[in-house]
Amino acid sequence: MKFIFITYSGLSLPVAYKLQQEGNEVIVGQIENIKEYVMEEEAKKAIESEFNRERRMKLYKNMLKMQPAERVIETLRSAKNPQEYFVFFEENNLYRWADKIRDLNVEGNFPTKEDYLFEIDRDHAKEFVRKNYQKLYIPEVKEFTKAIDGINFLKEANEIWVLKGKHDHAKTYVPSMNDVGLAKGQIIEMLNNFPQDYERMGFILELSIPCIIELTPEKMYYDGVPLATTINFENKSFGSGNISIQTGCAEDLVFPTDMEDKINKICFPPIIDEMARQHKGLFIWDASILINKRDGKMYFGEFCSNRPGYNSLFTELAQAGPVTHFFEKIVRKQSPFTKGTVGTSVRLFNLNRDDNEHVAANITIDYRAEIEKDLWLWDVRKNQRGKLVTVGSDWNLAIITGAGKSIDEAIARMYRNVEGIAFIGAYYRSKDDYLSLDYSTSIINRLNYGLERGLYRLPFDVKVGEILAR
């Protein structure tokens, strides 16, 4: 196959680069104008600074073959053998671009507007859950368009609430305090300091679930055929203990599960299979589940409907062998995973700032050749001397993965790989934190919780002190 990647943010470029390194023909179509990236309703107001655009457009410069996305689409539409191509749309809000080639005989993933709305329209998602998910509860939610209205509500509230913005730039914020007054103060501080982010598409306040256990099952299809299920344990917080600001994902643990496992019966009702049959090519569905440890009630968190997760995509690919094999298998409607494997990942952040407090550009990235398979660089380009350097587009520097037949093996490999990258000013969560039992939301504690309640079975050697002597 030949591969085409359509990107705005550069999220999928590490995958494109791996495919190129494995000898495949790869073309990247860059979306140059933010108005062609956001929803139609947002296009008139959407603005990207020239500084941000210039840096974004440098991602993977001199590393991948880059063209304007429109030109790539035109080339594909005129191709004599379009069936030779696999087209990858890195986010579900690229549905307008998928629409341009949905009628072609090409392989790939083809998100729809409905997929995107499942993720951003939380009322729509919750109504879908009420109708189709029999065993999930819906947390109480208050919706707002103005920061001041949310602040006034919080001032009178007597409970702890979680802040969730509808726009990508509006960060989810989970209070780190159990004291109601202090927790409310943290949310009010976020709304006071970043009103433009939360007012851009509105925001919600969701009633906090105490003693929370979060896990995310995923089901993968191709042309409506179920291929595999996985489960993801993700630490989103920047710092150890899960009490700091949220990131996309700071570290995770992912492994394939049995489709008959209890958690999959709960999270993938028949309607999901029906939706998958209506989608062309690769279709991915997940639903984050929030469990109250006090009473065992399971609450719906959110959908990431028909888009890959980041880091989890890299963590899955690390288990699948060569990246090429992953795509070849799914097109053949085979599971890309080997039962009995487990994958882990940790994100590296660039904490360097220049004199204007922007993420520092042009800092050299160096690493040992043996970690190449498990290194997924994000904020990178090659300079004129052929050196890998930061772009300064984002503080997310890289993902480092590890895979094996036990958690011990995967974690050990991952942190050996971390030791193989040389970068001044990188931050990542530590191995001790990854293995910690000191806080209830740690990855190992959540893994144990689900095992003890029979939500899933481990298809690999257990170890890690039998999950630290659970």
# chains A, B, ... in the order shown; residues from 1 in each chain; ligands from 1
>>> residues_around(residues="stretch 20-28 of chain A", least_positions_apart="2", cutoff="7 Å", atoms="only C-alpha atoms", output="PDB file with all heavy atoms, in the first residue's frame")
ATOM      1  N   LYS A   2       0.276   2.312  -0.520  1.00  0.00           N
ATOM      2  CA  LYS A   2       0.841   3.642  -0.395  1.00  0.00           C
ATOM      3  C   LYS A   2       0.007   4.378   0.653  1.00  0.00           C
ATOM      4  O   LYS A   2      -1.198   4.158   0.758  1.00  0.00           O
ATOM      5  CB  LYS A   2       0.780   4.384  -1.733  1.00  0.00           C
ATOM      6  CG  LYS A   2       1.508   3.658  -2.859  1.00  0.00           C
ATOM      7  CD  LYS A   2       1.274   4.357  -4.188  1.00  0.00           C
ATOM      8  CE  LYS A   2       1.926   3.590  -5.335  1.00  0.00           C
ATOM      9  NZ  LYS A   2       1.654   4.230  -6.651  1.00  0.00           N
ATOM     10  N   PHE A   3       0.652   5.256   1.406  1.00  0.00           N
ATOM     11  CA  PHE A   3      -0.023   5.887   2.540  1.00  0.00           C
ATOM     12  C   PHE A   3      -0.129   7.391   2.363  1.00  0.00           C
ATOM     13  O   PHE A   3       0.844   8.049   1.949  1.00  0.00           O
ATOM     14  CB  PHE A   3       0.720   5.571   3.838  1.00  0.00           C
ATOM     15  CG  PHE A   3       0.659   4.120   4.226  1.00  0.00           C
ATOM     16  CD1 PHE A   3       1.621   3.226   3.790  1.00  0.00           C
ATOM     17  CD2 PHE A   3      -0.382   3.648   5.018  1.00  0.00           C
ATOM     18  CE1 PHE A   3       1.557   1.882   4.137  1.00  0.00           C
ATOM     19  CE2 PHE A   3      -0.453   2.315   5.373  1.00  0.00           C
ATOM     20  CZ  PHE A   3       0.522   1.426   4.930  1.00  0.00           C
ATOM     21  N   ILE A   4      -1.299   7.907   2.685  1.00  0.00           N
ATOM     22  CA  ILE A   4      -1.538   9.348   2.703  1.00  0.00           C
ATOM     23  C   ILE A   4      -2.044   9.721   4.088  1.00  0.00           C
ATOM     24  O   ILE A   4      -2.957   9.079   4.620  1.00  0.00           O
ATOM     25  CB  ILE A   4      -2.564   9.758   1.638  1.00  0.00           C
ATOM     26  CG1 ILE A   4      -1.934   9.641   0.233  1.00  0.00           C
ATOM     27  CG2 ILE A   4      -3.075  11.174   1.877  1.00  0.00           C
ATOM     28  CD1 ILE A   4      -2.910   9.924  -0.898  1.00  0.00           C
ATOM     29  N   PHE A   5      -1.449  10.748   4.687  1.00  0.00           N
ATOM     30  CA  PHE A   5      -1.873  11.249   5.991  1.00  0.00           C
ATOM     31  C   PHE A   5      -2.368  12.681   5.818  1.00  0.00           C
ATOM     32  O   PHE A   5      -1.676  13.512   5.225  1.00  0.00           O
ATOM     33  CB  PHE A   5      -0.707  11.221   6.988  1.00  0.00           C
ATOM     34  CG  PHE A   5      -0.396   9.845   7.516  1.00  0.00           C
ATOM     35  CD1 PHE A   5       0.234   8.907   6.712  1.00  0.00           C
ATOM     36  CD2 PHE A   5      -0.748   9.480   8.808  1.00  0.00           C
ATOM     37  CE1 PHE A   5       0.502   7.628   7.176  1.00  0.00           C
ATOM     38  CE2 PHE A   5      -0.482   8.207   9.285  1.00  0.00           C
ATOM     39  CZ  PHE A   5       0.152   7.280   8.473  1.00  0.00           C
ATOM     40  N   ILE A   6      -3.561  12.944   6.316  1.00  0.00           N
ATOM     41  CA  ILE A   6      -4.115  14.291   6.292  1.00  0.00           C
ATOM     42  C   ILE A   6      -4.033  14.834   7.714  1.00  0.00           C
ATOM     43  O   ILE A   6      -4.581  14.248   8.653  1.00  0.00           O
ATOM     44  CB  ILE A   6      -5.573  14.307   5.801  1.00  0.00           C
ATOM     45  CG1 ILE A   6      -5.675  13.663   4.408  1.00  0.00           C
ATOM     46  CG2 ILE A   6      -6.102  15.735   5.772  1.00  0.00           C
ATOM     47  CD1 ILE A   6      -4.881  14.365   3.322  1.00  0.00           C
ATOM     48  N   ALA A  16       3.332   8.254  10.331  1.00  0.00           N
ATOM     49  CA  ALA A  16       3.736   8.411   8.928  1.00  0.00           C
ATOM     50  C   ALA A  16       5.239   8.204   8.773  1.00  0.00           C
ATOM     51  O   ALA A  16       5.702   7.540   7.831  1.00  0.00           O
ATOM     52  CB  ALA A  16       3.339   9.804   8.426  1.00  0.00           C
ATOM     53  N   TYR A  17       6.010   8.759   9.701  1.00  0.00           N
ATOM     54  CA  TYR A  17       7.473   8.647   9.629  1.00  0.00           C
ATOM     55  C   TYR A  17       7.925   7.197   9.808  1.00  0.00           C
ATOM     56  O   TYR A  17       8.825   6.727   9.104  1.00  0.00           O
ATOM     57  CB  TYR A  17       8.095   9.539  10.702  1.00  0.00           C
ATOM     58  CG  TYR A  17       9.591   9.708  10.560  1.00  0.00           C
ATOM     59  CD1 TYR A  17      10.143  10.254   9.397  1.00  0.00           C
ATOM     60  CD2 TYR A  17      10.459   9.344  11.588  1.00  0.00           C
ATOM     61  CE1 TYR A  17      11.517  10.425   9.269  1.00  0.00           C
ATOM     62  CE2 TYR A  17      11.822   9.517  11.474  1.00  0.00           C
ATOM     63  CZ  TYR A  17      12.349  10.050  10.307  1.00  0.00           C
ATOM     64  OH  TYR A  17      13.707  10.216  10.184  1.00  0.00           O
ATOM     65  N   LYS A  18       7.279   6.465  10.737  1.00  0.00           N
ATOM     66  CA  LYS A  18       7.623   5.058  10.930  1.00  0.00           C
ATOM     67  C   LYS A  18       7.356   4.262   9.644  1.00  0.00           C
ATOM     68  O   LYS A  18       8.162   3.410   9.236  1.00  0.00           O
ATOM     69  CB  LYS A  18       6.805   4.475  12.082  1.00  0.00           C
ATOM     70  CG  LYS A  18       7.294   4.868  13.472  1.00  0.00           C
ATOM     71  CD  LYS A  18       8.507   4.051  13.890  1.00  0.00           C
ATOM     72  CE  LYS A  18       8.779   4.157  15.379  1.00  0.00           C
ATOM     73  NZ  LYS A  18       9.113   5.495  15.861  1.00  0.00           N
ATOM     74  N   GLN A  30      -0.912  18.599   4.316  1.00  0.00           N
ATOM     75  CA  GLN A  30      -1.036  19.555   5.417  1.00  0.00           C
ATOM     76  C   GLN A  30      -2.214  20.504   5.177  1.00  0.00           C
ATOM     77  O   GLN A  30      -2.334  21.101   4.104  1.00  0.00           O
ATOM     78  CB  GLN A  30       0.237  20.387   5.557  1.00  0.00           C
ATOM     79  CG  GLN A  30       1.402  19.651   6.193  1.00  0.00           C
ATOM     80  CD  GLN A  30       2.575  20.605   6.402  1.00  0.00           C
ATOM     81  OE1 GLN A  30       3.005  21.289   5.480  1.00  0.00           O
ATOM     82  NE2 GLN A  30       3.087  20.653   7.610  1.00  0.00           N
ATOM     83  N   LYS A  65       7.540  13.837   3.041  1.00  0.00           N
ATOM     84  CA  LYS A  65       7.108  14.547   1.841  1.00  0.00           C
ATOM     85  C   LYS A  65       5.803  15.269   2.146  1.00  0.00           C
ATOM     86  O   LYS A  65       4.771  14.632   2.372  1.00  0.00           O
ATOM     87  CB  LYS A  65       6.913  13.556   0.688  1.00  0.00           C
ATOM     88  CG  LYS A  65       6.540  14.202  -0.640  1.00  0.00           C
ATOM     89  CD  LYS A  65       6.391  13.144  -1.726  1.00  0.00           C
ATOM     90  CE  LYS A  65       6.010  13.770  -3.064  1.00  0.00           C
ATOM     91  NZ  LYS A  65       5.845  12.720  -4.109  1.00  0.00           N
ATOM     92  N   MET A  66       5.854  16.586   2.178  1.00  0.00           N
ATOM     93  CA  MET A  66       4.704  17.403   2.562  1.00  0.00           C
ATOM     94  C   MET A  66       4.130  18.141   1.358  1.00  0.00           C
ATOM     95  O   MET A  66       4.869  18.697   0.545  1.00  0.00           O
ATOM     96  CB  MET A  66       5.125  18.441   3.604  1.00  0.00           C
ATOM     97  CG  MET A  66       5.754  17.862   4.856  1.00  0.00           C
ATOM     98  SD  MET A  66       4.502  17.211   5.967  1.00  0.00           S
ATOM     99  CE  MET A  66       5.435  17.065   7.481  1.00  0.00           C
ATOM    100  N   GLN A  67       2.794  18.164   1.274  1.00  0.00           N
ATOM    101  CA  GLN A  67       2.099  18.925   0.245  1.00  0.00           C
ATOM    102  C   GLN A  67       0.846  19.538   0.865  1.00  0.00           C
ATOM    103  O   GLN A  67       0.345  19.036   1.872  1.00  0.00           O
ATOM    104  CB  GLN A  67       1.701  18.017  -0.928  1.00  0.00           C
ATOM    105  CG  GLN A  67       2.845  17.411  -1.697  1.00  0.00           C
ATOM    106  CD  GLN A  67       2.361  16.518  -2.830  1.00  0.00           C
ATOM    107  OE1 GLN A  67       1.172  16.498  -3.152  1.00  0.00           O
ATOM    108  NE2 GLN A  67       3.280  15.785  -3.439  1.00  0.00           N
TER     109      GLN A  67
END
>>> select_by_dssp(residues="stretch 99-336 of chain A", states="strand (DSSP E or B)", output="ChimeraX atom specification")
/A:107-109,137,141-144,161-165,173,203-207,212-222,225-237,246-257,281-292,298-303
>>> select_by_dssp(residues="stretch 219-289 of chain A", states="alpha helix (DSSP H)", output="PyMOL selection string")
chain A and resi 262-267+270-277
>>> write_last_selection(atoms="all heavy atoms", output="CSV table (one decimal), in the first residue's frame")
chain,number,residue,atom,x,y,z
A,262,LYS,N,-16.5,-9.0,30.4
A,262,LYS,CA,-17.6,-8.3,31.0
A,262,LYS,C,-17.6,-6.8,30.6
A,262,LYS,O,-18.7,-6.2,30.3
A,262,LYS,CB,-17.7,-8.4,32.5
A,262,LYS,CG,-18.8,-7.8,33.2
A,262,LYS,CD,-18.8,-8.0,34.7
A,262,LYS,CE,-19.9,-7.3,35.4
A,262,LYS,NZ,-19.8,-7.6,36.9
A,263,ILE,N,-16.5,-6.2,30.7
A,263,ILE,CA,-16.4,-4.7,30.4
A,263,ILE,C,-16.8,-4.4,29.0
A,263,ILE,O,-17.4,-3.4,28.7
A,263,ILE,CB,-14.9,-4.2,30.7
A,263,ILE,CG1,-14.9,-2.7,30.6
A,263,ILE,CG2,-13.9,-4.8,29.7
A,263,ILE,CD1,-15.8,-2.0,31.7
A,264,ASN,N,-16.5,-5.3,28.0
A,264,ASN,CA,-16.8,-5.1,26.6
A,264,ASN,C,-18.3,-5.3,26.4
A,264,ASN,O,-18.9,-4.6,25.5
A,264,ASN,CB,-16.0,-6.0,25.7
A,264,ASN,CG,-14.5,-5.7,25.7
A,264,ASN,OD1,-14.2,-4.6,25.9
A,264,ASN,ND2,-13.7,-6.7,25.6
A,265,LYS,N,-19.0,-6.2,27.1
A,265,LYS,CA,-20.4,-6.3,27.0
A,265,LYS,C,-21.1,-5.1,27.5
A,265,LYS,O,-22.2,-4.7,27.0
A,265,LYS,CB,-20.9,-7.5,27.9
A,265,LYS,CG,-20.4,-8.9,27.4
A,265,LYS,CD,-20.9,-9.2,26.0
A,265,LYS,CE,-20.5,-10.6,25.6
A,265,LYS,NZ,-20.9,-10.9,24.2
A,266,ILE,N,-20.5,-4.4,28.5
A,266,ILE,CA,-21.1,-3.2,29.1
A,266,ILE,C,-20.9,-2.0,28.1
A,266,ILE,O,-21.8,-1.2,27.9
A,266,ILE,CB,-20.5,-2.9,30.4
A,266,ILE,CG1,-20.9,-3.9,31.5
A,266,ILE,CG2,-20.9,-1.5,30.9
A,266,ILE,CD1,-20.2,-3.8,32.8
A,267,CYS,N,-19.7,-1.9,27.5
A,267,CYS,CA,-19.3,-0.7,26.8
A,267,CYS,C,-19.6,-0.7,25.3
A,267,CYS,O,-19.5,0.3,24.6
A,267,CYS,CB,-17.9,-0.4,27.0
A,267,CYS,SG,-17.5,0.0,28.8
A,270,PRO,N,-25.1,-3.5,21.2
A,270,PRO,CA,-25.3,-3.8,19.7
A,270,PRO,C,-25.4,-2.6,18.8
A,270,PRO,O,-25.0,-2.7,17.6
A,270,PRO,CB,-26.7,-4.6,19.7
A,270,PRO,CG,-26.8,-5.2,21.1
A,270,PRO,CD,-26.1,-4.2,22.0
A,271,ILE,N,-25.8,-1.5,19.3
A,271,ILE,CA,-25.9,-0.3,18.5
A,271,ILE,C,-24.5,0.1,17.9
A,271,ILE,O,-24.4,0.6,16.8
A,271,ILE,CB,-26.5,0.9,19.2
A,271,ILE,CG1,-26.7,2.1,18.3
A,271,ILE,CG2,-25.6,1.3,20.4
A,271,ILE,CD1,-27.8,1.9,17.3
A,272,ILE,N,-23.4,-0.2,18.6
A,272,ILE,CA,-22.1,0.1,18.2
A,272,ILE,C,-21.7,-0.7,16.9
A,272,ILE,O,-21.1,-0.2,16.0
A,272,ILE,CB,-21.0,0.0,19.3
A,272,ILE,CG1,-21.5,0.7,20.5
A,272,ILE,CG2,-19.7,0.5,18.8
A,272,ILE,CD1,-21.8,2.2,20.3
A,273,ASP,N,-22.0,-2.0,17.0
A,273,ASP,CA,-21.8,-2.9,15.8
A,273,ASP,C,-22.6,-2.4,14.6
A,273,ASP,O,-22.1,-2.3,13.5
A,273,ASP,CB,-22.2,-4.3,16.1
A,273,ASP,CG,-21.2,-5.0,17.0
A,273,ASP,OD1,-20.1,-4.5,17.3
A,273,ASP,OD2,-21.5,-6.2,17.4
A,274,GLU,N,-23.8,-1.9,14.9
A,274,GLU,CA,-24.6,-1.4,13.8
A,274,GLU,C,-24.0,-0.1,13.2
A,274,GLU,O,-24.0,0.0,12.0
A,274,GLU,CB,-26.0,-1.1,14.3
A,274,GLU,CG,-27.0,-0.6,13.3
A,274,GLU,CD,-28.4,-0.4,13.9
A,274,GLU,OE1,-28.8,-1.1,14.8
A,274,GLU,OE2,-29.0,0.6,13.4
A,275,MET,N,-23.5,0.8,14.0
A,275,MET,CA,-22.9,2.0,13.6
A,275,MET,C,-21.6,1.7,12.8
A,275,MET,O,-21.3,2.3,11.7
A,275,MET,CB,-22.5,2.9,14.7
A,275,MET,CG,-23.7,3.5,15.4
A,275,MET,SD,-23.3,4.2,17.0
A,275,MET,CE,-22.1,5.4,16.6
A,276,ALA,N,-20.9,0.7,13.2
A,276,ALA,CA,-19.6,0.3,12.5
A,276,ALA,C,-19.9,-0.2,11.1
A,276,ALA,O,-19.2,0.1,10.2
A,276,ALA,CB,-18.9,-0.8,13.3
A,277,ARG,N,-21.0,-0.9,11.0
A,277,ARG,CA,-21.4,-1.4,9.6
A,277,ARG,C,-21.7,-0.3,8.7
A,277,ARG,O,-21.7,-0.5,7.4
A,277,ARG,CB,-22.5,-2.4,9.7
A,277,ARG,CG,-22.1,-3.8,10.4
A,277,ARG,CD,-23.2,-4.8,10.2
A,277,ARG,NE,-24.4,-4.5,11.0
A,277,ARG,CZ,-24.5,-5.0,12.3
A,277,ARG,NH1,-23.6,-5.7,12.8
A,277,ARG,NH2,-25.6,-4.7,13.0
>>> residues_around(residues="A:Glu159", least_positions_apart="3", cutoff="8 Å", atoms="only C-alpha atoms", output="count of residues only")
3
>>> atom_distance(atom1="atom CA of A:Asp261", atom2="atom CA of A:Tyr456")
5.2 Å
>>> closest_atom_pairs(of="stretch 356-397 of chain A", to="stretch 293-316 of chain A", cutoff="10 Å", atoms="only C-alpha atoms", output="CSV")
residue,atom,partner,partner_atom,distance
A:Asp374,CA,A:Phe314,CA,8.5
A:Leu375,CA,A:Phe314,CA,9.2
A:Trp376,CA,A:Phe314,CA,7.4
>>> residues_around(residues="A:Tyr60", least_positions_apart="6", cutoff="8 Å", atoms="only C-alpha atoms", output="CSV table (one decimal) with N, CA, C and O atoms, in the first residue's frame")
chain,number,residue,atom,x,y,z
A,13,LEU,N,1.9,12.3,12.6
A,13,LEU,CA,3.2,12.3,11.8
A,13,LEU,C,4.2,11.3,12.3
A,13,LEU,O,4.9,10.8,11.5
A,379,ASP,N,7.3,17.1,18.3
A,379,ASP,CA,7.7,18.5,18.0
A,379,ASP,C,9.2,18.4,17.4
A,379,ASP,O,10.1,18.7,18.1
A,380,VAL,N,9.2,18.1,16.1
A,380,VAL,CA,10.6,17.8,15.5
A,380,VAL,C,10.6,18.2,14.0
A,380,VAL,O,9.6,18.2,13.3
A,381,ARG,N,11.8,18.6,13.6
A,381,ARG,CA,12.1,18.8,12.2
A,381,ARG,C,13.6,18.5,12.0
A,381,ARG,O,14.3,18.3,13.0
A,382,LYS,N,14.1,18.4,10.8
A,382,LYS,CA,15.5,18.3,10.5
A,382,LYS,C,16.0,19.7,10.1
A,382,LYS,O,15.4,20.3,9.2
>>> closest_residue(among="A:His169, A:Arg55, A:His325, A:Lys333", to="A:Asn362", atoms="only C-alpha atoms")
A:Arg55
